[in-house]
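*Asks:* Got a structure for you, work.pdb, holding PDB, C-alpha atoms.
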ATOM      1  CA  MET N   4      20.805 -11.089 -17.552
ATOM      2  CA  LEU N   5      23.651  -8.586 -17.325
ATOM      3  CA  TYR N   6      21.589  -6.289 -15.128
ATOM      4  CA  THR N   7      20.884  -9.111 -12.649
ATOM      5  CA  LEU N   8      24.552 -10.105 -12.552
ATOM      6  CA  ILE N   9      25.647  -6.545 -11.795
ATOM      7  CA  VAL N  10      23.012  -6.238  -9.054
ATOM      8  CA  VAL N  11      24.305  -9.432  -7.402
ATOM      9  CA  VAL N  12      27.920  -8.215  -7.598
ATOM     10  CA  HIS N  13      26.859  -4.808  -6.256
ATOM     11  CA  VAL N  14      25.112  -6.299  -3.213
ATOM     12  CA  PHE N  15      28.120  -8.537  -2.495
ATOM     13  CA  ILE N  16      30.456  -5.531  -2.741
ATOM     14  CA  CYS N  17      28.190  -3.583  -0.371
ATOM     15  CA  PHE N  18      28.475  -6.244   2.322
ATOM     16  CA  LEU N  19      32.224  -6.566   1.749
ATOM     17  CA  MET N  20      32.707  -2.815   2.088
ATOM     18  CA  ILE N  21      30.619  -2.674   5.276
ATOM     19  CA  GLY N  22      32.695  -5.462   6.796
ATOM     20  CA  ALA N  23      36.017  -3.877   5.791
ATOM     21  CA  ILE N  24      35.029  -0.519   7.268
ATOM     22  CA  LEU N  25      33.745  -1.983  10.525
ATOM     23  CA  LEU N  26      36.869  -4.099  11.033
ATOM     24  CA  GLN N  27      39.187  -1.099  10.864
ATOM     25  CA  SER N  28      40.294   0.545  14.051
ATOM     26  CA  GLY N  29      39.664   4.208  14.649
ATOM     27  CA  LYS N  30      42.294   6.908  14.978
ATOM     28  CA  GLY N  31      44.301   6.398  18.160
ATOM     29  CA  ALA N  32      42.407   3.282  19.161
ATOM     30  CA  GLU N  33      45.277   0.815  18.834
ATOM     31  CA  ILE N  34      45.710  -1.840  21.456
ATOM     32  CA  GLY N  35      49.090  -0.383  22.451
ATOM     33  CA  ALA N  36      47.570   3.011  23.236
ATOM     34  CA  ALA N  37      45.125   1.376  25.643
ATOM     35  CA  PHE N  38      47.994   0.013  27.816
ATOM     36  CA  GLY N  39      50.214   3.089  27.643
ATOM     37  CA  GLY N  40      52.606   1.804  24.970
ATOM     38  CA  SER N  41      54.386   4.026  22.499
ATOM     39  CA  SER N  42      52.657   4.888  19.267
ATOM     40  CA  GLN N  43      54.197   4.393  15.846
ATOM     41  CA  THR N  44      55.579   7.771  14.849
ATOM     42  CA  VAL N  45      57.897   6.565  12.069
ATOM     43  CA  PHE N  46      55.118   6.515   9.492
ATOM     44  CA  GLY N  47      53.119   9.429  10.840
ATOM     45  CA  SER N  48      50.139   9.458  13.135
ATOM     46  CA  ARG N  49      48.154   6.859  11.167
ATOM     47  CA  GLY N  50      50.936   4.473  10.240
ATOM     48  CA  PRO N  51      51.344   2.675   6.933
ATOM     49  CA  ALA N  52      48.337   1.642   4.908
ATOM     50  CA  ASN N  53      47.458  -1.845   6.046
ATOM     51  CA  PHE N  54      45.529  -4.537   4.197
ATOM     52  CA  LEU N  55      42.090  -3.380   5.396
ATOM     53  CA  SER N  56      42.566   0.205   4.258
ATOM     54  CA  LYS N  57      43.765  -0.948   0.824
ATOM     55  CA  LEU N  58      40.852  -3.364   0.615
ATOM     56  CA  THR N  59      38.421  -0.565   1.497
ATOM     57  CA  VAL N  60      39.757   1.657  -1.298
ATOM     58  CA  PHE N  61      39.562  -1.205  -3.823
ATOM     59  CA  VAL N  62      36.029  -2.209  -2.810
ATOM     60  CA  ALA N  63      34.860   1.422  -2.825
ATOM     61  CA  ALA N  64      36.152   1.838  -6.389
ATOM     62  CA  ILE N  65      34.279  -1.290  -7.514
ATOM     63  CA  PHE N  66      31.174  -0.027  -5.693
ATOM     64  CA  MET N  67      31.288   3.236  -7.642
ATOM     65  CA  VAL N  68      31.740   1.427 -10.968
ATOM     66  CA  THR N  69      28.835  -0.940 -10.332
ATOM     67  CA  SER N  70      26.633   1.956  -9.175
ATOM     68  CA  LEU N  71      27.376   3.916 -12.347
ATOM     69  CA  SER N  72      26.796   0.921 -14.611
ATOM     70  CA  LEU N  73      23.499   0.092 -12.869
ATOM     71  CA  ALA N  74      22.342   3.676 -13.361
ATOM     72  CA  ILE N  75      23.207   3.545 -17.067
ATOM     73  CA  LEU N  76      21.522   0.169 -17.563
ATOM     74  CA  ALA N  77      18.406   1.293 -15.676
ATOM     75  CA  LYS N  78      18.115   4.328 -17.940
ATOM     76  CA  GLN N  79      18.237   2.134 -21.056
ATOM     77  CA  ARG N  80      15.626  -0.369 -19.868
ATOM     78  CA  ASN N  81      12.054   0.114 -21.059
ATOM     79  CA  VAL N  82      10.075  -1.491 -18.281
ATOM     80  CA  SER N  83       6.761  -0.133 -17.081
ATOM     81  CA  SER N  84       7.270   0.017 -13.357
ATOM     82  CA  THR N  85       4.403   2.199 -12.186
ATOM     83  CA  VAL N  86       0.656   1.910 -12.285
ATOM     84  CA  ILE N  87       0.456   5.013 -14.463
ATOM     85  CA  ASP N  88       2.686   3.417 -17.113
ATOM     86  CA  LEU N  89       0.587   0.245 -17.090
ATOM     87  CA  ASP N  90      -2.655   2.234 -17.357
ATOM     88  CA  HIS N  91      -1.572   4.101 -20.489
ATOM     89  CA  LYS N  92      -0.616   0.900 -22.294
ATOM     90  CA  SER N  93      -4.026  -0.716 -21.718
ATOM     91  CA  GLU N  94      -5.995   2.113 -23.362
ATOM     92  CA  PRO N  95      -7.014   1.560 -27.017
ATOM     93  CA  THR N  96      -5.249   3.817 -29.489
ATOM     94  CA  THR N  97      -7.891   3.660 -32.281
ATOM     95  CA  ALA N  98     -10.141   6.612 -32.986
ATOM     96  CA  PRO N  99     -13.888   6.254 -32.284
ATOM     97  CA  ALA N 100     -15.932   5.013 -35.237
ATOM     98  CA  ALA N 101     -18.038   7.499 -37.218
ATOM     99  CA  PRO N 102     -21.850   7.193 -36.934
ATOM    100  CA  PRO N 103     -23.457   5.202 -39.774
ATOM    101  CA  ALA N 104     -24.650   7.255 -42.709
ATOM    102  CA  GLN N 105     -28.389   7.448 -43.493
ATOM    103  CA  PRO N 106     -29.546   5.767 -46.661
ATOM    104  CA  SER N 107     -29.933   8.223 -49.518
ATOM    105  CA  GLY N 108     -33.315   6.763 -50.523
ATOM    106  CA  GLU N 109     -35.183   8.551 -47.700
ATOM    107  CA  SER N 110     -35.459  12.286 -48.248
ATOM    108  CA  HIS N 111     -37.882  13.087 -45.458
ATOM    109  CA  SER N 112     -37.522  12.574 -41.731
ATOM    110  CA  SER N 113     -40.111  12.103 -39.074
ATOM    111  CA  PRO N 114     -41.006  15.076 -36.803
ATOM    112  CA  THR N 115     -39.664  13.321 -33.694
ATOM    113  CA  GLU N 116     -36.212  12.841 -35.206
ATOM    114  CA  SER N 117     -35.869  16.491 -36.245
ATOM    115  CA  SER N 118     -36.872  17.786 -32.834
ATOM    116  CA  SER N 119     -34.518  15.473 -30.926
ATOM    117  CA  THR N 120     -31.473  16.213 -33.090
ATOM    118  CA  GLY N 121     -31.840  19.980 -32.850
ATOM    119  CA  HIS N 122     -30.686  20.135 -29.206
TER     120      HIS N 122
END
Write the structure described by the file as structure tokens, please.
*Replies:*
Amino acid sequence: MLYTLIVVVHVFICFLMIGAILLQSGKGAEIGAAFGGSSQTVFGSRGPANFLSKLTVFVAAIFMVTSLSLAILAKQRNVSSTVIDLDHKSEPTTAPAAPPAQPSGESHSSPTESSSTGH
């Protein structure tokens, strides 16, 4: 149950992170630079951290936490996921039965039995 919940949260975070990264503008690709306007040099070449960059950092941190927790939970699960694992479980684990013992009343054996067992 917990594993499924974390997988759902992880997939949602993946899509959220993809969207946040794709919505951000590249370096020097502001709308003002396209029309010859002045760039913002008060805060450096990139400017202050806006909402999308803060959201990207937050979502990336959650992505790393969910990835680590999924790896830990997957290591603890005992699920046969390959054909080889399933094949080993279907084999019987009992030892083969011993051949039946001969009755002690017969002390002699026929000539055909002695010749066939000697090989």
*Asks:* Find the residues around N:Ala74 up to 12 Å (only C-alpha atoms counted), leave out those fewer than 5 positions away in its own chain, and share them as a list in words.
*Replies:*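 Here the qualifying residues turn out to be Tyr6, Ile9, Val10, His13, Met67, Val68, Thr69, Gln79 and Arg80 of chain N.
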*Asks:* Mind giving me the straight-line distance from atom CA of N:Met20 to atom CA of N:Leu58 in Å, one decimal?
*Replies:*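 Computing it gives 8.3 Å between the two atoms.
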*Asks:* Quick one: pull the distance between atom CA of N:Met4 and atom CA of N:Ala64, Å, one decimal.
*Replies:*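 Between atom CA of N:Met4 and atom CA of N:Ala64 the gap works out to 23.0 Å.
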*Asks:* Find the residue from N:Ile65, N:Val11, N:Leu71, N:Ser56 that sits nearest to N:Gly29; use all atoms listed in the file when measuring.
*Replies:* N:Ser56
*Asks:* Which residue is closest to N:Ile21? Choose from N:Ala63, N:Ser72, N:Asn81, N:Pro103 and count all atoms listed in the file.
*Replies:* N:Ala63
*Asks:* Check the smallest atom-to-atom distance from each of N:Thr7, N:Lys78, N:Phe15, N:Ser28 to N:Asn53 using all atoms listed in the file, then report the winner.
*Replies:* N:Ser28
*Asks:* Pick the closest to N:Leu26 from N:Leu8, N:Val14, N:Leu55, N:Leu76: which is it, counting all atoms listed in the file?
*Replies:*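 The shortest atom-to-atom distance to N:Leu26 comes from N:Leu55.
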*Asks:* What does the structure give for the distance between atom CA of N:Leu73 and atom CA of N:Cys17, in Å to one decimal?
*Replies:*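 So the two atoms, atom CA of N:Leu73 and atom CA of N:Cys17, lie 13.8 Å apart.
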*Asks:* Can you take the partial stretch 69-80 of chain N, add all heavy atoms, and return it as a compact mmCIF listing (two decimals), in the frame of the given file?
*Replies:*
# COMPACT_ATOMS: atom_id res chain seq x y z
N THR N 69 30.10 -0.20 -10.20
CA THR N 69 28.84 -0.94 -10.33
C THR N 69 27.62 -0.01 -10.17
O THR N 69 26.61 -0.21 -10.85
CB THR N 69 28.74 -2.09 -9.31
OG1 THR N 69 28.91 -1.57 -8.00
CG2 THR N 69 29.78 -3.15 -9.60
N SER N 70 27.73 1.00 -9.32
CA SER N 70 26.63 1.96 -9.18
C SER N 70 26.41 2.73 -10.46
O SER N 70 25.26 2.92 -10.90
CB SER N 70 26.93 2.94 -8.05
OG SER N 70 27.02 2.29 -6.82
N LEU N 71 27.49 3.17 -11.09
CA LEU N 71 27.38 3.92 -12.35
C LEU N 71 26.82 3.04 -13.46
O LEU N 71 25.95 3.46 -14.22
CB LEU N 71 28.74 4.48 -12.74
CG LEU N 71 28.78 5.34 -13.99
CD1 LEU N 71 27.95 6.60 -13.79
CD2 LEU N 71 30.21 5.70 -14.34
N SER N 72 27.29 1.80 -13.55
CA SER N 72 26.80 0.92 -14.61
C SER N 72 25.33 0.53 -14.39
O SER N 72 24.57 0.41 -15.35
CB SER N 72 27.67 -0.31 -14.74
OG SER N 72 27.75 -0.99 -13.52
N LEU N 73 24.91 0.37 -13.14
CA LEU N 73 23.50 0.09 -12.87
C LEU N 73 22.62 1.28 -13.24
O LEU N 73 21.51 1.11 -13.75
CB LEU N 73 23.29 -0.28 -11.40
CG LEU N 73 23.68 -1.69 -11.00
CD1 LEU N 73 23.57 -1.86 -9.49
CD2 LEU N 73 22.84 -2.71 -11.71
N ALA N 74 23.11 2.48 -13.00
CA ALA N 74 22.34 3.68 -13.36
C ALA N 74 22.20 3.79 -14.87
O ALA N 74 21.13 4.13 -15.39
CB ALA N 74 23.02 4.93 -12.80
N ILE N 75 23.26 3.48 -15.60
CA ILE N 75 23.21 3.54 -17.07
C ILE N 75 22.28 2.46 -17.62
O ILE N 75 21.46 2.73 -18.51
CB ILE N 75 24.62 3.42 -17.66
CG1 ILE N 75 25.43 4.68 -17.32
CG2 ILE N 75 24.59 3.19 -19.16
CD1 ILE N 75 26.90 4.57 -17.65
N LEU N 76 22.39 1.25 -17.09
CA LEU N 76 21.52 0.17 -17.56
C LEU N 76 20.06 0.41 -17.21
O LEU N 76 19.16 0.05 -17.98
CB LEU N 76 21.98 -1.17 -17.00
CG LEU N 76 23.28 -1.72 -17.58
CD1 LEU N 76 23.69 -2.99 -16.85
CD2 LEU N 76 23.13 -2.00 -19.06
N ALA N 77 19.79 1.00 -16.06
CA ALA N 77 18.41 1.29 -15.68
C ALA N 77 17.80 2.36 -16.58
O ALA N 77 16.60 2.34 -16.86
CB ALA N 77 18.35 1.73 -14.23
N LYS N 78 18.61 3.29 -17.04
CA LYS N 78 18.11 4.33 -17.94
C LYS N 78 17.75 3.75 -19.30
O LYS N 78 16.81 4.19 -19.93
CB LYS N 78 19.20 5.41 -18.09
CG LYS N 78 18.85 6.53 -19.00
CD LYS N 78 17.82 7.41 -18.38
CE LYS N 78 17.59 8.62 -19.27
NZ LYS N 78 16.41 9.34 -18.91
N GLN N 79 18.47 2.73 -19.75
CA GLN N 79 18.24 2.13 -21.06
C GLN N 79 17.08 1.14 -21.07
O GLN N 79 16.53 0.86 -22.12
CB GLN N 79 19.50 1.43 -21.54
CG GLN N 79 20.63 2.37 -21.83
CD GLN N 79 21.91 1.64 -22.19
OE1 GLN N 79 21.99 0.43 -22.08
NE2 GLN N 79 22.92 2.39 -22.59
N ARG N 80 16.70 0.63 -19.92
CA ARG N 80 15.63 -0.37 -19.87
C ARG N 80 14.28 0.29 -20.09
O ARG N 80 14.01 1.38 -19.58
CB ARG N 80 15.62 -1.09 -18.53
CG ARG N 80 16.84 -1.97 -18.35
CD ARG N 80 16.80 -2.68 -17.06
NE ARG N 80 15.81 -3.75 -17.13
CZ ARG N 80 15.60 -4.60 -16.16
NH1 ARG N 80 16.27 -4.51 -15.03
NH2 ARG N 80 14.71 -5.55 -16.27
